[in-house]
$ cat model_17.pdb   # PDB, C-alpha atoms and all ligand atoms
ATOM      1  CA  MET Y 288      80.440 100.255  92.958  1.00  0.00           C
ATOM      2  CA  GLU Y 289      80.007 102.943  90.347  1.00  0.00           C
ATOM      3  CA  GLN Y 290      83.580 103.867  89.585  1.00  0.00           C
ATOM      4  CA  ASN Y 291      82.844 104.453  85.931  1.00  0.00           C
ATOM      5  CA  LYS Y 292      80.215 107.087  86.335  1.00  0.00           C
ATOM      6  CA  HIS Y 293      81.059 110.654  85.421  1.00  0.00           C
ATOM      7  CA  ILE Y 294      80.489 113.027  88.310  1.00  0.00           C
ATOM      8  CA  ALA Y 295      80.251 116.776  87.833  1.00  0.00           C
ATOM      9  CA  LEU Y 296      81.915 118.858  90.519  1.00  0.00           C
ATOM     10  CA  ARG Y 297      79.676 121.548  91.959  1.00  0.00           C
ATOM     11  CA  ALA Y 298      79.347 124.096  94.739  1.00  0.00           C
ATOM     12  CA  GLY Y 299      79.519 122.379  98.130  1.00  0.00           C
ATOM     13  CA  ASP Y 300      82.224 119.942  97.033  1.00  0.00           C
ATOM     14  CA  ALA Y 301      85.667 119.809  98.583  1.00  0.00           C
ATOM     15  CA  LEU Y 302      88.751 117.666  98.149  1.00  0.00           C
ATOM     16  CA  LEU Y 303      90.155 116.012 101.275  1.00  0.00           C
ATOM     17  CA  LEU Y 304      93.675 114.591 101.107  1.00  0.00           C
ATOM     18  CA  VAL Y 305      94.414 112.186 103.933  1.00  0.00           C
ATOM     19  CA  ASP Y 306      97.970 111.953 105.254  1.00  0.00           C
ATOM     20  CA  VAL Y 307      99.933 112.153 102.016  1.00  0.00           C
ATOM     21  CA  GLN Y 308     103.243 112.477 103.868  1.00  0.00           C
ATOM     22  CA  ASN Y 309     106.817 111.374 103.201  1.00  0.00           C
ATOM     23  CA  ASP Y 310     106.847 108.754 105.964  1.00  0.00           C
ATOM     24  CA  PHE Y 311     103.952 106.903 104.321  1.00  0.00           C
ATOM     25  CA  LEU Y 312     105.674 106.791 100.929  1.00  0.00           C
ATOM     26  CA  PRO Y 313     108.231 104.188  99.784  1.00  0.00           C
ATOM     27  CA  GLY Y 314     111.426 104.705 101.802  1.00  0.00           C
ATOM     28  CA  GLY Y 315     109.534 106.377 104.633  1.00  0.00           C
ATOM     29  CA  ALA Y 316     109.371 105.236 108.266  1.00  0.00           C
ATOM     30  CA  LEU Y 317     105.928 103.645 107.836  1.00  0.00           C
ATOM     31  CA  ALA Y 318     105.867 103.077 104.114  1.00  0.00           C
ATOM     32  CA  VAL Y 319     102.533 102.157 102.593  1.00  0.00           C
ATOM     33  CA  PRO Y 320     103.112  99.822  99.620  1.00  0.00           C
ATOM     34  CA  HIS Y 321     102.730 101.844  96.412  1.00  0.00           C
ATOM     35  CA  GLY Y 322     101.783 104.870  98.509  1.00  0.00           C
ATOM     36  CA  ASP Y 323     103.488 107.175  96.019  1.00  0.00           C
ATOM     37  CA  GLU Y 324     100.973 106.150  93.356  1.00  0.00           C
ATOM     38  CA  VAL Y 325      98.280 108.327  94.936  1.00  0.00           C
ATOM     39  CA  ILE Y 326     100.147 111.504  94.037  1.00  0.00           C
ATOM     40  CA  VAL Y 327      99.385 111.621  90.302  1.00  0.00           C
ATOM     41  CA  PRO Y 328      95.605 111.143  90.659  1.00  0.00           C
ATOM     42  CA  LEU Y 329      95.509 113.553  93.604  1.00  0.00           C
ATOM     43  CA  ASN Y 330      97.373 116.213  91.636  1.00  0.00           C
ATOM     44  CA  ARG Y 331      94.832 115.782  88.861  1.00  0.00           C
ATOM     45  CA  LEU Y 332      92.032 116.319  91.364  1.00  0.00           C
ATOM     46  CA  ILE Y 333      93.754 119.325  92.917  1.00  0.00           C
ATOM     47  CA  GLU Y 334      93.840 120.858  89.460  1.00  0.00           C
ATOM     48  CA  ARG Y 335      90.160 120.100  88.800  1.00  0.00           C
ATOM     49  CA  PHE Y 336      88.997 121.448  92.128  1.00  0.00           C
ATOM     50  CA  GLY Y 337      91.084 124.552  91.535  1.00  0.00           C
ATOM     51  CA  VAL Y 338      89.433 125.146  88.169  1.00  0.00           C
ATOM     52  CA  HIS Y 339      86.056 125.073  89.907  1.00  0.00           C
ATOM     53  CA  GLY Y 340      87.234 127.292  92.775  1.00  0.00           C
ATOM     54  CA  LEU Y 341      86.471 124.483  95.228  1.00  0.00           C
ATOM     55  CA  PRO Y 342      88.425 124.155  98.482  1.00  0.00           C
ATOM     56  CA  VAL Y 343      91.160 121.649  99.250  1.00  0.00           C
ATOM     57  CA  TYR Y 344      91.880 120.251 102.719  1.00  0.00           C
ATOM     58  CA  ALA Y 345      94.874 118.145 103.712  1.00  0.00           C
ATOM     59  CA  THR Y 346      95.210 116.221 106.949  1.00  0.00           C
ATOM     60  CA  ARG Y 347      98.583 115.237 108.311  1.00  0.00           C
ATOM     61  CA  ASP Y 348      99.716 112.846 111.027  1.00  0.00           C
ATOM     62  CA  TRP Y 349     101.720 115.125 113.327  1.00  0.00           C
ATOM     63  CA  HIS Y 350     103.103 113.187 116.272  1.00  0.00           C
ATOM     64  CA  PRO Y 351     105.249 114.391 119.171  1.00  0.00           C
ATOM     65  CA  VAL Y 352     108.413 112.530 120.151  1.00  0.00           C
ATOM     66  CA  GLY Y 353     107.469 109.489 122.251  1.00  0.00           C
ATOM     67  CA  HIS Y 354     103.941 109.241 120.863  1.00  0.00           C
ATOM     68  CA  CYS Y 355     101.833 106.412 122.318  1.00  0.00           C
ATOM     69  CA  SER Y 356     101.376 104.765 118.892  1.00  0.00           C
ATOM     70  CA  PHE Y 357     105.133 104.084 118.677  1.00  0.00           C
ATOM     71  CA  ARG Y 358     106.556 100.625 119.509  1.00  0.00           C
ATOM     72  CA  GLU Y 359     108.840 102.067 122.196  1.00  0.00           C
ATOM     73  CA  ARG Y 360     105.641 102.818 124.123  1.00  0.00           C
ATOM     74  CA  GLY Y 361     103.861  99.573 123.316  1.00  0.00           C
ATOM     75  CA  GLY Y 362     102.073 100.920 120.250  1.00  0.00           C
ATOM     76  CA  PRO Y 363     101.771  99.159 116.895  1.00  0.00           C
ATOM     77  CA  TRP Y 364     103.941 101.421 114.724  1.00  0.00           C
ATOM     78  CA  PRO Y 365     107.543 102.457 114.253  1.00  0.00           C
ATOM     79  CA  PRO Y 366     108.082 106.142 115.003  1.00  0.00           C
ATOM     80  CA  HIS Y 367     106.677 108.140 112.091  1.00  0.00           C
ATOM     81  CA  CYS Y 368     105.448 111.584 111.137  1.00  0.00           C
ATOM     82  CA  LEU Y 369     107.291 113.419 113.896  1.00  0.00           C
ATOM     83  CA  ALA Y 370     106.030 116.988 113.866  1.00  0.00           C
ATOM     84  CA  ASP Y 371     108.237 119.395 111.930  1.00  0.00           C
ATOM     85  CA  THR Y 372     110.473 116.702 110.452  1.00  0.00           C
ATOM     86  CA  ARG Y 373     110.950 115.717 106.826  1.00  0.00           C
ATOM     87  CA  GLY Y 374     108.988 112.508 107.311  1.00  0.00           C
ATOM     88  CA  ALA Y 375     105.905 114.466 108.348  1.00  0.00           C
ATOM     89  CA  ARG Y 376     106.105 116.880 105.429  1.00  0.00           C
ATOM     90  CA  PHE Y 377     103.987 116.626 102.326  1.00  0.00           C
ATOM     91  CA  PRO Y 378     106.017 115.259  99.408  1.00  0.00           C
ATOM     92  CA  THR Y 379     107.308 117.984  97.127  1.00  0.00           C
ATOM     93  CA  GLN Y 380     105.605 116.264  94.154  1.00  0.00           C
ATOM     94  CA  LEU Y 381     102.212 116.883  95.726  1.00  0.00           C
ATOM     95  CA  ALA Y 382     100.894 120.084  94.153  1.00  0.00           C
ATOM     96  CA  LEU Y 383      99.110 121.454  97.217  1.00  0.00           C
ATOM     97  CA  PRO Y 384      97.558 124.799  96.336  1.00  0.00           C
ATOM     98  CA  GLU Y 385      98.393 127.882  98.363  1.00  0.00           C
ATOM     99  CA  GLY Y 386      94.935 128.108  99.851  1.00  0.00           C
ATOM    100  CA  ALA Y 387      94.825 124.490 101.046  1.00  0.00           C
ATOM    101  CA  VAL Y 388      93.692 124.105 104.630  1.00  0.00           C
ATOM    102  CA  VAL Y 389      96.126 121.903 106.559  1.00  0.00           C
ATOM    103  CA  ILE Y 390      94.744 119.933 109.499  1.00  0.00           C
ATOM    104  CA  SER Y 391      97.223 118.360 111.954  1.00  0.00           C
ATOM    105  CA  LYS Y 392      96.058 115.366 113.957  1.00  0.00           C
ATOM    106  CA  ALA Y 393      97.278 113.014 116.686  1.00  0.00           C
ATOM    107  CA  THR Y 394      99.427 115.829 118.033  1.00  0.00           C
ATOM    108  CA  THR Y 395      99.363 114.929 121.735  1.00  0.00           C
ATOM    109  CA  PRO Y 396     101.601 112.236 123.318  1.00  0.00           C
ATOM    110  CA  ASP Y 397      99.014 110.004 124.951  1.00  0.00           C
ATOM    111  CA  LYS Y 398      96.256 109.739 122.387  1.00  0.00           C
ATOM    112  CA  ASP Y 399      96.299 108.326 118.849  1.00  0.00           C
ATOM    113  CA  THR Y 400      93.617 109.184 116.327  1.00  0.00           C
ATOM    114  CA  TYR Y 401      93.210 107.877 112.802  1.00  0.00           C
ATOM    115  CA  SER Y 402      90.337 110.151 111.795  1.00  0.00           C
ATOM    116  CA  GLY Y 403      91.029 113.631 110.495  1.00  0.00           C
ATOM    117  CA  PHE Y 404      87.919 114.779 112.351  1.00  0.00           C
ATOM    118  CA  GLU Y 405      88.905 113.558 115.806  1.00  0.00           C
ATOM    119  CA  GLY Y 406      90.391 116.264 117.995  1.00  0.00           C
ATOM    120  CA  THR Y 407      90.600 118.728 115.094  1.00  0.00           C
ATOM    121  CA  ASP Y 408      88.510 121.581 113.733  1.00  0.00           C
ATOM    122  CA  LEU Y 409      88.058 119.911 110.339  1.00  0.00           C
ATOM    123  CA  ASP Y 410      84.268 119.721 110.659  1.00  0.00           C
ATOM    124  CA  GLU Y 411      84.047 123.438 111.531  1.00  0.00           C
ATOM    125  CA  ARG Y 412      86.398 124.346 108.698  1.00  0.00           C
ATOM    126  CA  LEU Y 413      84.214 122.430 106.226  1.00  0.00           C
ATOM    127  CA  ARG Y 414      81.021 123.927 107.612  1.00  0.00           C
ATOM    128  CA  GLU Y 415      82.310 127.471 107.307  1.00  0.00           C
ATOM    129  CA  ARG Y 416      82.698 126.810 103.556  1.00  0.00           C
ATOM    130  CA  SER Y 417      79.293 125.054 103.359  1.00  0.00           C
ATOM    131  CA  VAL Y 418      80.913 121.833 102.214  1.00  0.00           C
ATOM    132  CA  GLN Y 419      78.441 118.990 101.757  1.00  0.00           C
ATOM    133  CA  ARG Y 420      80.334 116.452  99.695  1.00  0.00           C
ATOM    134  CA  LEU Y 421      83.925 115.282 100.081  1.00  0.00           C
ATOM    135  CA  ALA Y 422      86.137 113.601  97.522  1.00  0.00           C
ATOM    136  CA  ILE Y 423      88.587 111.666  99.690  1.00  0.00           C
ATOM    137  CA  GLY Y 424      91.938 110.136  98.768  1.00  0.00           C
ATOM    138  CA  GLY Y 425      95.269 109.479 100.449  1.00  0.00           C
ATOM    139  CA  LEU Y 426      96.848 107.104 102.948  1.00  0.00           C
ATOM    140  CA  ALA Y 427      96.251 104.639 104.326  1.00  0.00           C
ATOM    141  CA  THR Y 428      93.042 103.003 103.091  1.00  0.00           C
ATOM    142  CA  ASP Y 429      92.789 100.694 106.117  1.00  0.00           C
ATOM    143  CA  TYR Y 430      93.616 103.280 108.810  1.00  0.00           C
ATOM    144  CA  CYS Y 431      93.299 107.002 108.381  1.00  0.00           C
ATOM    145  CA  VAL Y 432      91.223 106.952 105.205  1.00  0.00           C
ATOM    146  CA  LEU Y 433      88.807 104.401 106.720  1.00  0.00           C
ATOM    147  CA  ASN Y 434      88.384 106.293 109.981  1.00  0.00           C
ATOM    148  CA  THR Y 435      88.103 109.674 108.298  1.00  0.00           C
ATOM    149  CA  VAL Y 436      85.422 108.339 105.938  1.00  0.00           C
ATOM    150  CA  ARG Y 437      83.518 106.758 108.846  1.00  0.00           C
ATOM    151  CA  ASP Y 438      83.411 110.095 110.663  1.00  0.00           C
ATOM    152  CA  ALA Y 439      82.568 112.067 107.524  1.00  0.00           C
ATOM    153  CA  LEU Y 440      79.555 109.835 106.916  1.00  0.00           C
ATOM    154  CA  LYS Y 441      78.508 110.034 110.584  1.00  0.00           C
ATOM    155  CA  LEU Y 442      78.669 113.806 110.255  1.00  0.00           C
ATOM    156  CA  ARG Y 443      76.392 113.555 107.202  1.00  0.00           C
ATOM    157  CA  TYR Y 444      78.857 114.533 104.512  1.00  0.00           C
ATOM    158  CA  ARG Y 445      78.468 112.684 101.281  1.00  0.00           C
ATOM    159  CA  VAL Y 446      81.678 110.851 100.417  1.00  0.00           C
ATOM    160  CA  LEU Y 447      83.264 110.123  97.053  1.00  0.00           C
ATOM    161  CA  LEU Y 448      85.998 107.594  97.712  1.00  0.00           C
ATOM    162  CA  VAL Y 449      88.635 108.086  95.043  1.00  0.00           C
ATOM    163  CA  ARG Y 450      89.690 104.511  94.495  1.00  0.00           C
ATOM    164  CA  ASP Y 451      92.760 105.115  92.377  1.00  0.00           C
ATOM    165  CA  ALA Y 452      94.024 107.651  94.941  1.00  0.00           C
ATOM    166  CA  ILE Y 453      94.142 105.389  98.019  1.00  0.00           C
ATOM    167  CA  ARG Y 454      96.562 102.619  99.096  1.00  0.00           C
ATOM    168  CA  ALA Y 455      96.482 100.263 102.076  1.00  0.00           C
ATOM    169  CA  VAL Y 456      99.071  99.249 104.696  1.00  0.00           C
ATOM    170  CA  GLU Y 457      97.709  95.672 104.815  1.00  0.00           C
ATOM    171  CA  VAL Y 458      99.137  94.580 108.173  1.00  0.00           C
ATOM    172  CA  HIS Y 459      96.792  91.662 107.518  1.00  0.00           C
ATOM    173  CA  ALA Y 460      96.191  90.628 103.903  1.00  0.00           C
ATOM    174  CA  GLY Y 461      92.804  91.850 102.754  1.00  0.00           C
ATOM    175  CA  ASP Y 462      92.589  94.817 105.145  1.00  0.00           C
ATOM    176  CA  GLY Y 463      92.402  97.261 102.247  1.00  0.00           C
ATOM    177  CA  GLU Y 464      89.563  95.437 100.487  1.00  0.00           C
ATOM    178  CA  ARG Y 465      87.685  95.007 103.771  1.00  0.00           C
ATOM    179  CA  ALA Y 466      88.044  98.716 104.500  1.00  0.00           C
ATOM    180  CA  ILE Y 467      86.710  99.615 101.052  1.00  0.00           C
ATOM    181  CA  ALA Y 468      83.766  97.226 101.475  1.00  0.00           C
ATOM    182  CA  GLU Y 469      82.951  98.805 104.842  1.00  0.00           C
ATOM    183  CA  MET Y 470      83.151 102.360 103.523  1.00  0.00           C
ATOM    184  CA  GLU Y 471      80.854 101.487 100.623  1.00  0.00           C
ATOM    185  CA  ALA Y 472      78.426  99.679 102.940  1.00  0.00           C
ATOM    186  CA  ARG Y 473      78.278 102.821 105.081  1.00  0.00           C
ATOM    187  CA  GLY Y 474      77.423 104.912 102.019  1.00  0.00           C
ATOM    188  CA  ALA Y 475      80.659 106.053 100.395  1.00  0.00           C
ATOM    189  CA  LEU Y 476      80.522 106.069  96.591  1.00  0.00           C
ATOM    190  CA  SER Y 477      83.599 104.674  94.842  1.00  0.00           C
ATOM    191  CA  VAL Y 478      84.811 106.868  92.000  1.00  0.00           C
ATOM    192  CA  ASP Y 479      87.839 107.102  89.748  1.00  0.00           C
ATOM    193  CA  SER Y 480      89.765 110.381  89.728  1.00  0.00           C
ATOM    194  CA  GLY Y 481      89.385 110.518  85.952  1.00  0.00           C
ATOM    195  CA  ASN Y 482      85.616 110.614  86.295  1.00  0.00           C
ATOM    196  CA  LEU Y 483      85.468 113.685  88.513  1.00  0.00           C
ATOM    197  CA  ALA Y 484      85.313 116.905  86.582  1.00  0.00           C
TER     198      ALA Y 484
HETATM  199  C1  LIG F 501      98.284 106.134 109.765  1.00  0.00           C
HETATM  200  C2  LIG F 501      99.227 104.369 110.877  1.00  0.00           C
HETATM  201  C3  LIG F 501      99.702 105.203 111.850  1.00  0.00           C
HETATM  202  C4  LIG F 501      97.513 106.631 108.577  1.00  0.00           C
HETATM  203  C5  LIG F 501      98.751 106.990 110.742  1.00  0.00           C
HETATM  204  O1  LIG F 501      97.663 107.818 108.228  1.00  0.00           O
HETATM  205  O2  LIG F 501      96.775 105.820 107.972  1.00  0.00           O
HETATM  206  N1  LIG F 501      98.519 104.823 109.847  1.00  0.00           N
HETATM  207  N2  LIG F 501      99.445 106.507 111.773  1.00  0.00           N
HETATM  208 ZN    ZN F 502     100.415 107.864 113.100  1.00  0.00          ZN
END

$ encode --input "model_17.pdb" --output "structure tokens" --more "lines below"
Ligand code: VGL
Ligand code: ZN
Amino acid sequence: MEQNKHIALRAGDALLLVDVQNDFLPGGALAVPHGDEVIVPLNRLIERFGVHGLPVYATRDWHPVGHCSFRERGGPWPPHCLADTRGARFPTQLALPEGAVVISKATTPDKDTYSGFEGTDLDERLRERSVQRLAIGGLATDYCVLNTVRDALKLRYRVLLVRDAIRAVEVHAGDGERAIAEMEARGALSVDSGNLA
């Protein structure tokens, strides 16, 4: 872990916000404990990346009615992030810039995906901007952040895991810490949002 190291942003960097959506915040349909606490550090990063003219990407869980991940269909989750509803929207406090690229995922009824890369054009969108390194934050550490980071590393992006800008669901106690340990073991570098500039 090298959270305390200053890291200079540079060409080829991008910010990737994972599923910062109302339903994952306190009061939402699938609330992640303390999920709202990612917003302040992410807004700080949005500002920094903007200063450098670096791109910002935001994934969103975007499920149809009757999605297979919902309990009514034998899935593990309550209905959440229904496409085009308030729960699926980005919170108004999140200062998404106008040019942010929004990537919808898990949009078909019979397949669930936790990775922002699976079934989306995220990889192509990053390649067209020559992105090589991703600062990643958002929700949830033990699901969509974990799976997005796994795929990013498989696709040979370098990953800065913004530790103060992620929170875990913790269906089982310790899931968040285990996810972080796995991401680091695979090559993600833990950083603090305050150390990226
Ligand atoms: C997520 C559970 C269900 C996530 C999405 O964004 O981490 N978790 N759907
Ligand atoms: Zn979902």

$ residues_around --input "model_17.pdb" --residues "region 480-483 of chain Y" --least-positions-apart "3" --cutoff "12 Å" --atoms "only C-alpha atoms" --output "count of residues only"
37

$ residues_near_ligand --input "model_17.pdb" --ligand "ligand LIG 501 (chain F)" --cutoff "10 Å" --atoms "all atoms listed in the file" --output "PyMOL selection string"
chain Y and resi 305-308+310-311+317-319+346-350+356-357+362-368+392-393+399-403+425-435+454-456

$ write_last_selection --input "model_17.pdb" --atoms "C-alpha atoms" --output "tab-separated table (two decimals), in the coordinates of the input"
chain	number	residue	atom	x	y	z
Y	305	VAL	CA	94.41	112.19	103.93
Y	306	ASP	CA	97.97	111.95	105.25
Y	307	VAL	CA	99.93	112.15	102.02
Y	308	GLN	CA	103.24	112.48	103.87
Y	310	ASP	CA	106.85	108.75	105.96
Y	311	PHE	CA	103.95	106.90	104.32
Y	317	LEU	CA	105.93	103.64	107.84
Y	318	ALA	CA	105.87	103.08	104.11
Y	319	VAL	CA	102.53	102.16	102.59
Y	346	THR	CA	95.21	116.22	106.95
Y	347	ARG	CA	98.58	115.24	108.31
Y	348	ASP	CA	99.72	112.85	111.03
Y	349	TRP	CA	101.72	115.12	113.33
Y	350	HIS	CA	103.10	113.19	116.27
Y	356	SER	CA	101.38	104.76	118.89
Y	357	PHE	CA	105.13	104.08	118.68
Y	362	GLY	CA	102.07	100.92	120.25
Y	363	PRO	CA	101.77	99.16	116.90
Y	364	TRP	CA	103.94	101.42	114.72
Y	365	PRO	CA	107.54	102.46	114.25
Y	366	PRO	CA	108.08	106.14	115.00
Y	367	HIS	CA	106.68	108.14	112.09
Y	368	CYS	CA	105.45	111.58	111.14
Y	392	LYS	CA	96.06	115.37	113.96
Y	393	ALA	CA	97.28	113.01	116.69
Y	399	ASP	CA	96.30	108.33	118.85
Y	400	THR	CA	93.62	109.18	116.33
Y	401	TYR	CA	93.21	107.88	112.80
Y	402	SER	CA	90.34	110.15	111.80
Y	403	GLY	CA	91.03	113.63	110.50
Y	425	GLY	CA	95.27	109.48	100.45
Y	426	LEU	CA	96.85	107.10	102.95
Y	427	ALA	CA	96.25	104.64	104.33
Y	428	THR	CA	93.04	103.00	103.09
Y	429	ASP	CA	92.79	100.69	106.12
Y	430	TYR	CA	93.62	103.28	108.81
Y	431	CYS	CA	93.30	107.00	108.38
Y	432	VAL	CA	91.22	106.95	105.20
Y	433	LEU	CA	88.81	104.40	106.72
Y	434	ASN	CA	88.38	106.29	109.98
Y	435	THR	CA	88.10	109.67	108.30
Y	454	ARG	CA	96.56	102.62	99.10
Y	455	ALA	CA	96.48	100.26	102.08
Y	456	VAL	CA	99.07	99.25	104.70

$ atom_distance --input "model_17.pdb" --atom1 "CA of Leu442 (chain Y)" --atom2 "CA of Ala298 (chain Y)"
18.6 Å

$ closest_residue --input "model_17.pdb" --among "Y:Val343, Y:Ala316, Y:Leu303, Y:Val418" --to "ligand ZN 502 (chain F)" --atoms "only C-alpha atoms and all ligand atoms"
Y:Ala316

$ closest_residue --input "model_17.pdb" --among "Y:Asn309, Y:Val436, Y:Leu409, Y:Gly314" --to "Ala375 (chain Y)" --atoms "all atoms listed in the file"
Y:Asn309

$ closest_residue --input "model_17.pdb" --among "Y:Arg360, Y:His354, Y:Arg420, Y:Arg445" --to "ligand ZN 502 (chain F)" --atoms "all atoms listed in the file"
Y:His354

$ atom_distance --input "model_17.pdb" --atom1 "CA of Glu405 (chain Y)" --atom2 "CA of Asp438 (chain Y)"
8.3 Å

$ axis_aligned_box --input "model_17.pdb" --around "region 452-470 of chain Y" --padding-each-side "5 Å" --output "lines of an AutoDock Vina configuration file"
center_x = 91.0
center_y = 99.1
center_z = 101.6
size_x = 26.2
size_y = 27.0
size_z = 23.2

$ closest_residue --input "model_17.pdb" --among "Y:Gly353, Y:Gly322, Y:Pro384, Y:Pro313" --to "ligand ZN 502 (chain F)" --atoms "all atoms listed in the file"
Y:Gly353

$ closest_residue --input "model_17.pdb" --among "Y:Arg414, Y:Val446, Y:Asp323, Y:Leu341" --to "Ala472 (chain Y)" --atoms "only C-alpha atoms"
Y:Val446

$ atom_distance --input "model_17.pdb" --atom1 "CA of Gly406 (chain Y)" --atom2 "CA of Ala370 (chain Y)"
16.2 Å

$ closest_residue --input "model_17.pdb" --among "Y:Leu312, Y:Leu369, Y:Val338, Y:Leu383" --to "ligand ZN 502 (chain F)" --atoms "all atoms listed in the file"
Y:Leu369

$ resolve_selection --input "model_17.pdb" --expression "the PyMOL selection byres (((chain Y and resi 396) around 7) and not hetatm)" --output "ChimeraX atom specification"
/Y:351,353-355,394-395,397-398

$ build_atoms --input "model_17.pdb" --residues "region 455-466 of chain Y" --atoms "N, CA, C and O atoms" --output "CSV table (one decimal), in the frame of the given file"
chain,number,residue,atom,x,y,z
Y,455,ALA,N,96.6,100.8,100.7
Y,455,ALA,CA,96.5,100.3,102.1
Y,455,ALA,C,97.8,99.8,102.7
Y,455,ALA,O,98.7,99.4,101.9
Y,456,VAL,N,97.9,99.8,104.0
Y,456,VAL,CA,99.1,99.2,104.7
Y,456,VAL,C,99.0,97.7,104.6
Y,456,VAL,O,100.1,97.1,104.4
Y,457,GLU,N,97.9,97.1,104.9
Y,457,GLU,CA,97.7,95.7,104.8
Y,457,GLU,C,98.6,95.0,105.8
Y,457,GLU,O,99.3,94.1,105.5
Y,458,VAL,N,98.5,95.4,107.1
Y,458,VAL,CA,99.1,94.6,108.2
Y,458,VAL,C,98.7,93.1,108.1
Y,458,VAL,O,99.4,92.2,108.2
Y,459,HIS,N,97.4,93.0,107.8
Y,459,HIS,CA,96.8,91.7,107.5
Y,459,HIS,C,96.3,91.7,106.1
Y,459,HIS,O,95.6,92.7,105.7
Y,460,ALA,N,96.6,90.7,105.3
Y,460,ALA,CA,96.2,90.6,103.9
Y,460,ALA,C,94.7,90.8,103.8
Y,460,ALA,O,93.9,90.2,104.6
Y,461,GLY,N,94.2,91.7,102.9
Y,461,GLY,CA,92.8,91.8,102.8
Y,461,GLY,C,92.3,93.0,103.5
Y,461,GLY,O,91.1,93.4,103.3
Y,462,ASP,N,93.1,93.7,104.4
Y,462,ASP,CA,92.6,94.8,105.1
Y,462,ASP,C,92.1,95.9,104.2
Y,462,ASP,O,91.1,96.6,104.5
Y,463,GLY,N,92.8,96.2,103.1
Y,463,GLY,CA,92.4,97.3,102.2
Y,463,GLY,C,91.0,97.0,101.6
Y,463,GLY,O,90.2,97.9,101.6
Y,464,GLU,N,90.9,95.8,101.1
Y,464,GLU,CA,89.6,95.4,100.5
Y,464,GLU,C,88.4,95.5,101.5
Y,464,GLU,O,87.3,95.9,101.2
Y,465,ARG,N,88.7,95.0,102.7
Y,465,ARG,CA,87.7,95.0,103.8
Y,465,ARG,C,87.3,96.4,104.1
Y,465,ARG,O,86.1,96.8,104.3
Y,466,ALA,N,88.3,97.3,104.2
Y,466,ALA,CA,88.0,98.7,104.5
Y,466,ALA,C,87.2,99.4,103.4
Y,466,ALA,O,86.2,100.1,103.7
